[in-house]
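Q: Take this structure first; my questions come after.
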Amino acid sequence: MTELRKRGGGGGDPDTAENISDKEAESDDRLGLPGDAEGECDVDSKTETPDAPVSTADSDNTPEYLTKALEGLPPRWKNYWIRGLLSICMISGFFLIIYMGPITLIFVVMCVQIKCFQEIITIGYRVYHSYELPWFRTLSWYFLICVNYFFYGETVADYFGALVRREEPLQFLARYHRFISFTLYLAGFCMFVLSLVKKHYRLQFYMFAWTHVTLLIVVTQSHLVIQNLFEGMIWFIVPISIVISNDIMAYLFGFFFGRTPLIKLSPKKTWEGFIGGFFSTVVFGFILAYLLSQFQYFVCPVEFNSETNRFTVECEPSDLFVMQEYTLPAALQNTLRWKTVNLYPFQIHSIFLSSFASLIGPFGGFFASGFKRAFKIKDFADTIPGHGGIMDRFDCQYLMATFTHVYIASFVRGPNPSKVLQQLLMLQPEQQLTMFHTLRSHLKERGLLPPAAVQAE
Amino acid sequence: MGPRVSRSAWPGRVPRGAKPRATRRSPTSPDPRPGSRCSDSELKAEKDGVSDNESKVDSGVPEVPVPPDDTPEVLNKALSGLSSRWKNWWVRGILTLAMISFFFFIIYLGPMVLMMIVLCVQIKCFHEIITIGYSVYHSYDLPWFRTLSWYFLLCVNYFFYGETVTDYFFTLVQREEPLRILSKYHRFISFALYLTGFCMFVLSLVKKHYRLQFYMFGWTHVTLLIVVTQSHLIIHNLFEGMIWFIVPISCVICNDIMAYMFGFFFGRTPLIKLSPKKTWEGFIGGFFATIVFGIMLSYVMAGYRCFVCPVEFNNDSNSFQVDCEPSELFQLQDYTLPGVLESVTGWTTVRLYPFQIHSIALSSFASIVGPFGGFFASGFKRAFKIKDFANTIPGHGGIMDRFDCQYLMATFVNVYIASFIRGPNPSKLIQQLLALRPDQQLYIFNSLKAHLTEKGLLPAVEAAA
């Protein structure tokens with residue numbers, strides 16, 4: 001992870017640092033596995049040492065012009081400049097795609113998901129020397145397509161209900177969607193069983209499990225990200241920005257004030273960085289929530305307009321995004337001398353999101369660090385110069401996406417009305433009548449249905 | 001019988017140089033079970049560096065050595081006179097009958113008991129697979145593993161059972177205050193519990209054993225994915241009507257037995273390299289026999305309300321009841337036979353339950369795709385060089401050995417029901433409706449009214465009432 005690269009402060013040194021820890025880890029692995037002398041089968045540590053350096057992480061693939069521009073500086077500063085430039089590039093890219101709208105965001109999320117999947121599967125291939133089994137790649141990508149088809153189909157059926165009802169083939173696909181997805185998955189499963197080769201059973205099972213765990217992590221999270229997006233772009237932007245801010249702030253605080261190590265797994269993380277990052281992220285989230293809550297573009301659920309065949313983000317902002325007055329507790333009143341303060345309720349929620357991002361989000365990063373240590377790789381890939389692969393940037397985001405989704409489902413919104421209506425219309429006519437009567441009596445009971453309106457219909 | 005497997009699988013106690021297949025050829029436990037013959041000769045010949053080190057197995061130690069023969073004493077004495085091969089047949093036959101009788105018995109006891117049994121089977125399967133993982137990865141010296149694996153099992157079960165309970169016991173849940181809070185924030189609580197386990201895992205990473213720990217983490221999650229989700233799909237099928245639970249399981253059992261019989265008497269052409277004892281004759285014979293069996297079984301069962309009705313929880317009596325008006329699927333209807341069959345059988349129409357047509361689809365799946373679950377389990381056992389998952393059932397192996405074909409079947413039945421039989425669950429919809437905001441409820445009410453009026457289901461007079 002980032003800290004190992006920083007240890008030597010330059011292009012060459014992190015590798016030696018990593019190599020040292022590699023050897024250490026190797027010998028420890030050997031000691032830690034009893035029965036090695038008897039040649040038991042899990043001797044991956046002995047035979048698979050050479051795989052790690054094969055990774056492209058060692059080669060410096062900074063673009064040429066950057067290297068030329070920064071020639072004069074010492075290697076440590078050069079590395080900082082590259083990382084800084086790339087960070088700014090990525091953040092600008094993030095703003096650009098937000099500007100371009102929801103469809104582009106969905107598309108970018110899908111691309112990121114595919115790249116993450118590819119990175120993890122490539123690591124699995126290298127670790128297990130699976131190149132000579134031609135079905136593996138095909139099967140892994142096939143499973144990715146199946147699971148994506150299943151999830152995107154569920155999303156499309158939910159949000160594009162009107163469009164789906166219009167087109168006949170889409171209607172057929174939507175009605176039997178689960179069956180079709182299951183059949184596709186089964187076909188892949190049977191192909192896997194038929195492709196089992198005598199000498200390589202264990203490898204193949206490992207890769208099967210590796211693929212499935214990767215799908216579980218990468219694909220489900222990316223779809224939760226998209227569900228959050230449909231809830232309102234602010235539910236997509238604020239969590240991601242908070243995680244990025246926590247990364248940067250914890251790094252800066254650690255850089256300037258860091259003294260006490262946080263966890264053995266990531267030796268460069270410090271308690272000062274952790275706590276400083278926590279407070280600054282809460283403040284940042286608070287301010288960002290305030291800024292974004294004012295715009296309908298961010299706040300409204302993304303809806304598909306059947307007439308114009310486009311996405312619209314226009315609505316009456318819900319209660320969450322309407323400024324309200326809160327009375328400060330007495331303690332704060334004395335210090336600030338304000339009685340009430342005008343806040344968006346969403347800002348209160350953003351405090352919870354920030355807390356999660358600062359306190360639990362790093363565990364996703366530790367998990368990824370442990371994973372890289374376990375398989376003796378430095379970075380997931382080398383896609384982004386100075387930063388590593390896409391997975392390196394997104395490892396903390398995954399827990400955040402799930403948390404945001406669960407948070408929304410539990411505390412913010414109830415069921416989706418259009419989805420409920422769609423399911424209602426799929427019932428049998430008698431069941432629909434029963435529901436209608438139940439609903440009518442319920443509404444009458446609560447006084448929501450004025451008798452005049454009922455009689456007029 | 002279970003603990004004996006784990007203890008003998010400790011690395012320190014395994015006799016050097018012992019191979020699982022050598023003991024399999026001993027007279028006390030001849031192995032008629034398909035899929036367990038190994039390729040010793042190929043392994044000996046394999047000397048180049050295949051990375052999964054299968055070539056080293058000859059000098060190495062089997063991860064899970066064959067447990068000793070633990071047929072109960074009573075059986076041993078009764079069958080002491082027979083030759084060892086027939087003794088094994090008798091043991092398997094008697095145990096098969098015992099299992100089938102037990103199956104009937106628990107059906108008789110009702111839905112609650114069935115749910116409990118499904119839960120117990122799930123826990124035992126999980127335990128068996130995790131034990132194999134432990135012995136493969138020598139993970140005994142990491143004390144957190146067992147705790148964490150069982151904790152994850154608890155979390156996922158809590159999540160799934162909570163969703164089921166909320167759906168089916170809706171009224172009960174709304175009445176009791178603590179249950180109401182638990183169900184309202186159910187996802188959040190489940191996620192928090194899971195996260196706690198995740199953080200404990202990260203904190204428990206020990207420097208020397210990273211890879212082992214990640215392997216076990218992956219192993220636990222894949223096992224949960226397979227075992228727990230399938231068992232919950234079984235319970236969903238059960239709530240749909242006990243016939244949706246009994247017929248698929250019986251079809252798979254019947255296919256196992258029939259394919260075995262046909263293979264035994266007529267088997268000649270091998271089916272797949274993975275399981276050398278399976279034959280095409282057994283496969284095809286089993287297919288037709290299972291379809292016939294499925295049709296007959298559904299005919300017998302569709303006549304009884306207690307099998308056919310959805311299981312519902314009666315709020316007043318606080319118990320399960322299976323009483324209803326049987327749906328169209330379970331009412332005899334006349335079908336006109338196609339011309340070919342008419343001339344053959346001399347009948348013009350035949351009276352069938354529509355469910356019997358569905359049972360043909362279920363039987364076909366059980367015969368054609370179900371065995372792939374068995375091949376998968378065979379491949380898994382070959383890959384990790386184990387003969388059986390455990391030794392719980394004498395003559396048959398572990399619980400997983402009996403249930404490996406059932407898992408695909410359970411998912412298929414659930415998807416089949418969701419796609420072709422029923423629509424969304426009305427009680428769940430009511431629950432969601434009542435959770436909406438009033439203006440959303442009004443919006444849905446008006447849309448529904450417009451829809452029903454349009455379709456002519458709601459006469460104008462009634463709409464005004």
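A note on labels: chains of the structure tokens are A, B, ... as shown, every chain counts residues from 1, and ligands are counted from 1 in their shown order.
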Name the residues of segment 192-331 of chain B that come out as alpha helix (DSSP H) in a backbone DSSP run; write them as a PyMOL selection string.

A: chain B and resi 192-203+210-240+243-266+280-301+305-308

Q: Using only C-alpha atoms, which residues sit within 9 Å of Thr220 of chain A once same-chain residues fewer than 2 positions away are excluded, as a list in words?

A: Val147, Asn148, Phe151, Leu215, Leu216, Ile217, Val218, Ser222, His223, Leu224, Val225 and Thr402 of chain A

Q: May I have the residues from that selection written out with all heavy atoms, as a short mmCIF file (atom, residue, chain, number, x, y, z; two decimals), in the first residue's frame?

A:
```cif
data_model
loop_
_atom_site.label_atom_id
_atom_site.label_comp_id
_atom_site.auth_asym_id
_atom_site.auth_seq_id
_atom_site.Cartn_x
_atom_site.Cartn_y
_atom_site.Cartn_z
N VAL A 147 -23.50 -12.44 -13.47
CA VAL A 147 -23.91 -11.76 -12.24
C VAL A 147 -24.28 -10.32 -12.55
O VAL A 147 -25.26 -9.79 -12.02
CB VAL A 147 -22.80 -11.83 -11.18
CG1 VAL A 147 -23.20 -11.13 -9.92
CG2 VAL A 147 -22.48 -13.28 -10.87
N ASN A 148 -23.53 -9.69 -13.46
CA ASN A 148 -23.90 -8.34 -13.85
C ASN A 148 -25.25 -8.30 -14.53
O ASN A 148 -26.07 -7.41 -14.27
CB ASN A 148 -22.85 -7.76 -14.80
CG ASN A 148 -21.84 -6.93 -14.06
OD1 ASN A 148 -22.19 -6.22 -13.12
ND2 ASN A 148 -20.61 -7.00 -14.47
N PHE A 151 -27.89 -8.48 -11.83
CA PHE A 151 -28.08 -7.27 -11.04
C PHE A 151 -28.62 -6.12 -11.86
O PHE A 151 -29.52 -5.40 -11.44
CB PHE A 151 -26.77 -6.85 -10.38
CG PHE A 151 -26.50 -7.58 -9.11
CD1 PHE A 151 -25.40 -8.40 -8.97
CD2 PHE A 151 -27.36 -7.45 -8.03
CE1 PHE A 151 -25.16 -9.08 -7.79
CE2 PHE A 151 -27.12 -8.11 -6.85
CZ PHE A 151 -26.02 -8.93 -6.73
N LEU A 215 -16.41 -11.81 -7.15
CA LEU A 215 -17.71 -11.33 -7.60
C LEU A 215 -18.52 -10.80 -6.42
O LEU A 215 -19.15 -9.75 -6.50
CB LEU A 215 -18.49 -12.46 -8.28
CG LEU A 215 -18.03 -12.84 -9.68
CD1 LEU A 215 -18.78 -14.06 -10.14
CD2 LEU A 215 -18.27 -11.70 -10.63
N LEU A 216 -18.49 -11.57 -5.34
CA LEU A 216 -19.24 -11.15 -4.15
C LEU A 216 -18.81 -9.77 -3.70
O LEU A 216 -19.62 -8.91 -3.41
CB LEU A 216 -18.98 -12.18 -3.04
CG LEU A 216 -19.89 -12.18 -1.84
CD1 LEU A 216 -21.25 -12.65 -2.26
CD2 LEU A 216 -19.34 -13.09 -0.77
N ILE A 217 -17.52 -9.54 -3.67
CA ILE A 217 -17.04 -8.25 -3.19
C ILE A 217 -17.27 -7.18 -4.23
O ILE A 217 -17.91 -6.16 -3.97
CB ILE A 217 -15.54 -8.32 -2.86
CG1 ILE A 217 -15.29 -9.31 -1.73
CG2 ILE A 217 -15.02 -6.97 -2.48
CD1 ILE A 217 -13.82 -9.50 -1.43
N VAL A 218 -16.78 -7.39 -5.44
CA VAL A 218 -16.73 -6.29 -6.40
C VAL A 218 -18.09 -5.98 -6.98
O VAL A 218 -18.52 -4.83 -7.01
CB VAL A 218 -15.73 -6.65 -7.53
CG1 VAL A 218 -15.78 -5.63 -8.61
CG2 VAL A 218 -14.34 -6.72 -6.97
N SER A 222 -20.55 -2.67 -6.31
CA SER A 222 -20.74 -1.67 -7.35
C SER A 222 -22.22 -1.45 -7.62
O SER A 222 -22.64 -0.34 -7.94
CB SER A 222 -20.02 -2.06 -8.64
OG SER A 222 -20.69 -3.10 -9.27
N HIS A 223 -23.02 -2.51 -7.45
CA HIS A 223 -24.45 -2.30 -7.65
C HIS A 223 -25.09 -1.55 -6.51
O HIS A 223 -26.05 -0.80 -6.72
CB HIS A 223 -25.14 -3.62 -7.93
CG HIS A 223 -24.95 -4.01 -9.34
ND1 HIS A 223 -25.77 -3.58 -10.35
CD2 HIS A 223 -23.97 -4.71 -9.92
CE1 HIS A 223 -25.32 -4.04 -11.49
NE2 HIS A 223 -24.23 -4.73 -11.26
N LEU A 224 -24.56 -1.72 -5.33
CA LEU A 224 -25.05 -0.90 -4.24
C LEU A 224 -24.70 0.56 -4.49
O LEU A 224 -25.51 1.45 -4.19
CB LEU A 224 -24.46 -1.38 -2.91
CG LEU A 224 -24.97 -2.75 -2.48
CD1 LEU A 224 -24.30 -3.17 -1.20
CD2 LEU A 224 -26.46 -2.73 -2.30
N VAL A 225 -23.53 0.80 -5.07
CA VAL A 225 -23.16 2.18 -5.41
C VAL A 225 -24.19 2.77 -6.39
O VAL A 225 -24.62 3.92 -6.24
CB VAL A 225 -21.75 2.23 -6.02
CG1 VAL A 225 -21.46 3.56 -6.63
CG2 VAL A 225 -20.72 1.94 -4.95
N THR A 402 -21.65 -0.17 0.89
CA THR A 402 -22.63 -1.03 1.54
C THR A 402 -23.25 -0.31 2.73
O THR A 402 -24.47 -0.38 2.95
CB THR A 402 -21.98 -2.32 2.04
OG1 THR A 402 -21.09 -2.79 1.05
CG2 THR A 402 -23.01 -3.36 2.35
#
```

Q: Of the candidates A:Leu449, A:Ala357, A:Met233, A:Leu292, which shows the shortest atom-to-atom distance to chain B, using only C-alpha atoms?

A: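 Checking each of A:Leu449, A:Ala357, A:Met233, A:Leu292 against chain B, counting only C-alpha atoms, the winner is A:Leu449.
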
Q: Got a sec: who's within 8 Å of segment 389-401 of chain A, counting only C-alpha atoms, leaving out chain neighbours fewer than 3 positions off, as number ranges by chain?

A: A: 1, 112, 115-116, 119, 217-218, 221-222, 224-225, 228, 239-240, 243, 356-357, 361-365, 368, 379-384, 404-405

Q: Go ahead and compute the interatomic distance for atom CA of Phe160 of chain A and atom CA of Thr183 of chain A, in Å to one decimal.

A: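 Computing the Euclidean distance for atom CA of Phe160 of chain A and atom CA of Thr183 of chain A yields 23.6 Å.
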
Q: So which residues of segment 199-417 of chain B fall under strand (DSSP E or B) by DSSP, listed as a list in words?

A: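 Restricting segment 199-417 of chain B to strand (DSSP E or B) produces Pro270, Leu271, Ile272, Ser275, Pro276, Lys277, Lys278, Thr279, Glu312, Phe313, Asn314, Ser319, Phe320, Gln321, Gln333, Asp334, Tyr335, Thr336, Thr349, Val350, Arg351, Leu352, Ile393 and Gly397 of chain B.
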
Q: Please save C-alpha atoms of the selected residues as a PDB file, in the first residue's frame.

A:
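Saved as again_36.pdb:
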```pdb
ATOM      1  CA  PRO B 270     -18.878 -44.518 -18.573  1.00  0.00           C
ATOM      2  CA  LEU B 271     -20.453 -41.115 -18.271  1.00  0.00           C
ATOM      3  CA  ILE B 272     -17.749 -38.744 -17.108  1.00  0.00           C
ATOM      4  CA  SER B 275     -16.991 -40.167 -11.504  1.00  0.00           C
ATOM      5  CA  PRO B 276     -15.913 -43.395 -13.147  1.00  0.00           C
ATOM      6  CA  LYS B 277     -18.758 -45.386 -11.692  1.00  0.00           C
ATOM      7  CA  LYS B 278     -21.480 -43.377 -13.344  1.00  0.00           C
ATOM      8  CA  THR B 279     -22.723 -44.775 -16.637  1.00  0.00           C
ATOM      9  CA  GLU B 312     -49.329 -19.844   7.354  1.00  0.00           C
ATOM     10  CA  PHE B 313     -48.968 -18.584  10.820  1.00  0.00           C
ATOM     11  CA  ASN B 314     -52.259 -18.137  12.565  1.00  0.00           C
ATOM     12  CA  SER B 319     -49.412 -21.928  15.537  1.00  0.00           C
ATOM     13  CA  PHE B 320     -48.833 -22.990  11.998  1.00  0.00           C
ATOM     14  CA  GLN B 321     -51.719 -24.068   9.929  1.00  0.00           C
ATOM     15  CA  GLN B 333     -58.255 -30.953 -14.922  1.00  0.00           C
ATOM     16  CA  ASP B 334     -58.922 -32.626 -18.202  1.00  0.00           C
ATOM     17  CA  TYR B 335     -56.157 -32.609 -20.725  1.00  0.00           C
ATOM     18  CA  THR B 336     -56.625 -33.730 -24.277  1.00  0.00           C
ATOM     19  CA  THR B 349     -58.563 -37.166 -22.434  1.00  0.00           C
ATOM     20  CA  VAL B 350     -56.747 -37.718 -19.219  1.00  0.00           C
ATOM     21  CA  ARG B 351     -57.314 -36.185 -15.829  1.00  0.00           C
ATOM     22  CA  LEU B 352     -54.250 -34.672 -14.337  1.00  0.00           C
ATOM     23  CA  ILE B 393     -23.713 -41.895   8.309  1.00  0.00           C
ATOM     24  CA  GLY B 397     -20.299 -40.714   4.482  1.00  0.00           C
TER      25      GLY B 397
END
```

Q: Near segment 153-164 of chain B, counting only C-alpha atoms, which residues have an atom at most 9 Å away, once you skip same-chain residues fewer than 6 positions from it, shown as JSON, numbers by chain?

A: {"B": [123, 126, 182, 183, 186, 187, 189, 190, 191, 193, 194, 197, 220, 224, 228, 229, 232, 235, 236]}

Q: Mind giving me the straight-line distance from atom CA of Leu291 of chain A to atom CA of Lys339 of chain A in Å, one decimal?

A: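 Spanning atom CA of Leu291 of chain A to atom CA of Lys339 of chain A is a straight-line distance of 22.5 Å.
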
Q: Give me, please, the distance in Å between atom CA of Phe380 of chain B and atom CA of Gln204 of chain A, quoted to one decimal.

A: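 Spanning atom CA of Phe380 of chain B to atom CA of Gln204 of chain A is a straight-line distance of 9.6 Å.
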
Q: Please provide as a short mmCIF file (atom, residue, chain, number, x, y, z; two decimals) with N, CA and C atoms, in the first residue's frame all residues within 8 Å of Phe179 of chain A, with the sequence filter that same-chain residues fewer than 5 positions apart are discarded (counting only C-alpha atoms).

A:
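Output below, filename selection.cif:
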```cif
data_model
loop_
_atom_site.label_atom_id
_atom_site.label_comp_id
_atom_site.auth_asym_id
_atom_site.auth_seq_id
_atom_site.Cartn_x
_atom_site.Cartn_y
_atom_site.Cartn_z
N VAL B 415 -36.40 -20.65 -7.92
CA VAL B 415 -36.48 -19.79 -9.10
C VAL B 415 -37.68 -20.18 -9.95
N TYR B 416 -37.97 -21.46 -10.03
CA TYR B 416 -39.10 -21.94 -10.82
C TYR B 416 -40.40 -21.39 -10.26
N SER B 419 -40.74 -17.72 -10.90
CA SER B 419 -40.93 -17.30 -12.28
C SER B 419 -42.25 -17.78 -12.86
#
```

Q: Hey, which of A:Val219, A:Ile145, A:Ala174, A:Leu353 ends up closest to chain B? Count only C-alpha atoms.

A: A:Ala174

Q: From the list B:Gly456, B:Pro111, B:Gly294, B:Gly286, which residue is nearest Met261 of chain B when using only C-alpha atoms?

A: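 Nearest candidate to Met261 of chain B out of B:Gly456, B:Pro111, B:Gly294, B:Gly286: B:Gly286.
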
Q: For chain A, which residue out of B:Ala259, B:Leu457, B:Cys324, B:Ile226 is the nearest one, using only C-alpha atoms?

A: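 Checking each of B:Ala259, B:Leu457, B:Cys324, B:Ile226 against chain A, counting only C-alpha atoms, the winner is B:Leu457.
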
Q: Using only C-alpha atoms, can you tell me which of B:Tyr185, B:Phe145, B:Trp347, B:Phe293 comes closest to chain A?

A: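 Of B:Tyr185, B:Phe145, B:Trp347, B:Phe293, the one nearest chain A is B:Tyr185, counting only C-alpha atoms.
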
Q: My list of candidates is B:Trp219, B:Tyr299, B:Phe152, B:Trp280. Which is closest to chain A when distances are computed with only C-alpha atoms?

A: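 Using only C-alpha atoms, the shortest distance to chain A belongs to B:Trp219.
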
Q: So that I can see what lies close to Ala250 of chain A, please list as a ChimeraX atom specification the residues with an atom at most 6 Å from it, counting only C-alpha atoms and leaving out residues fewer than 3 positions away in the same chain.

A: /A:246-247,253-254,273-274,277
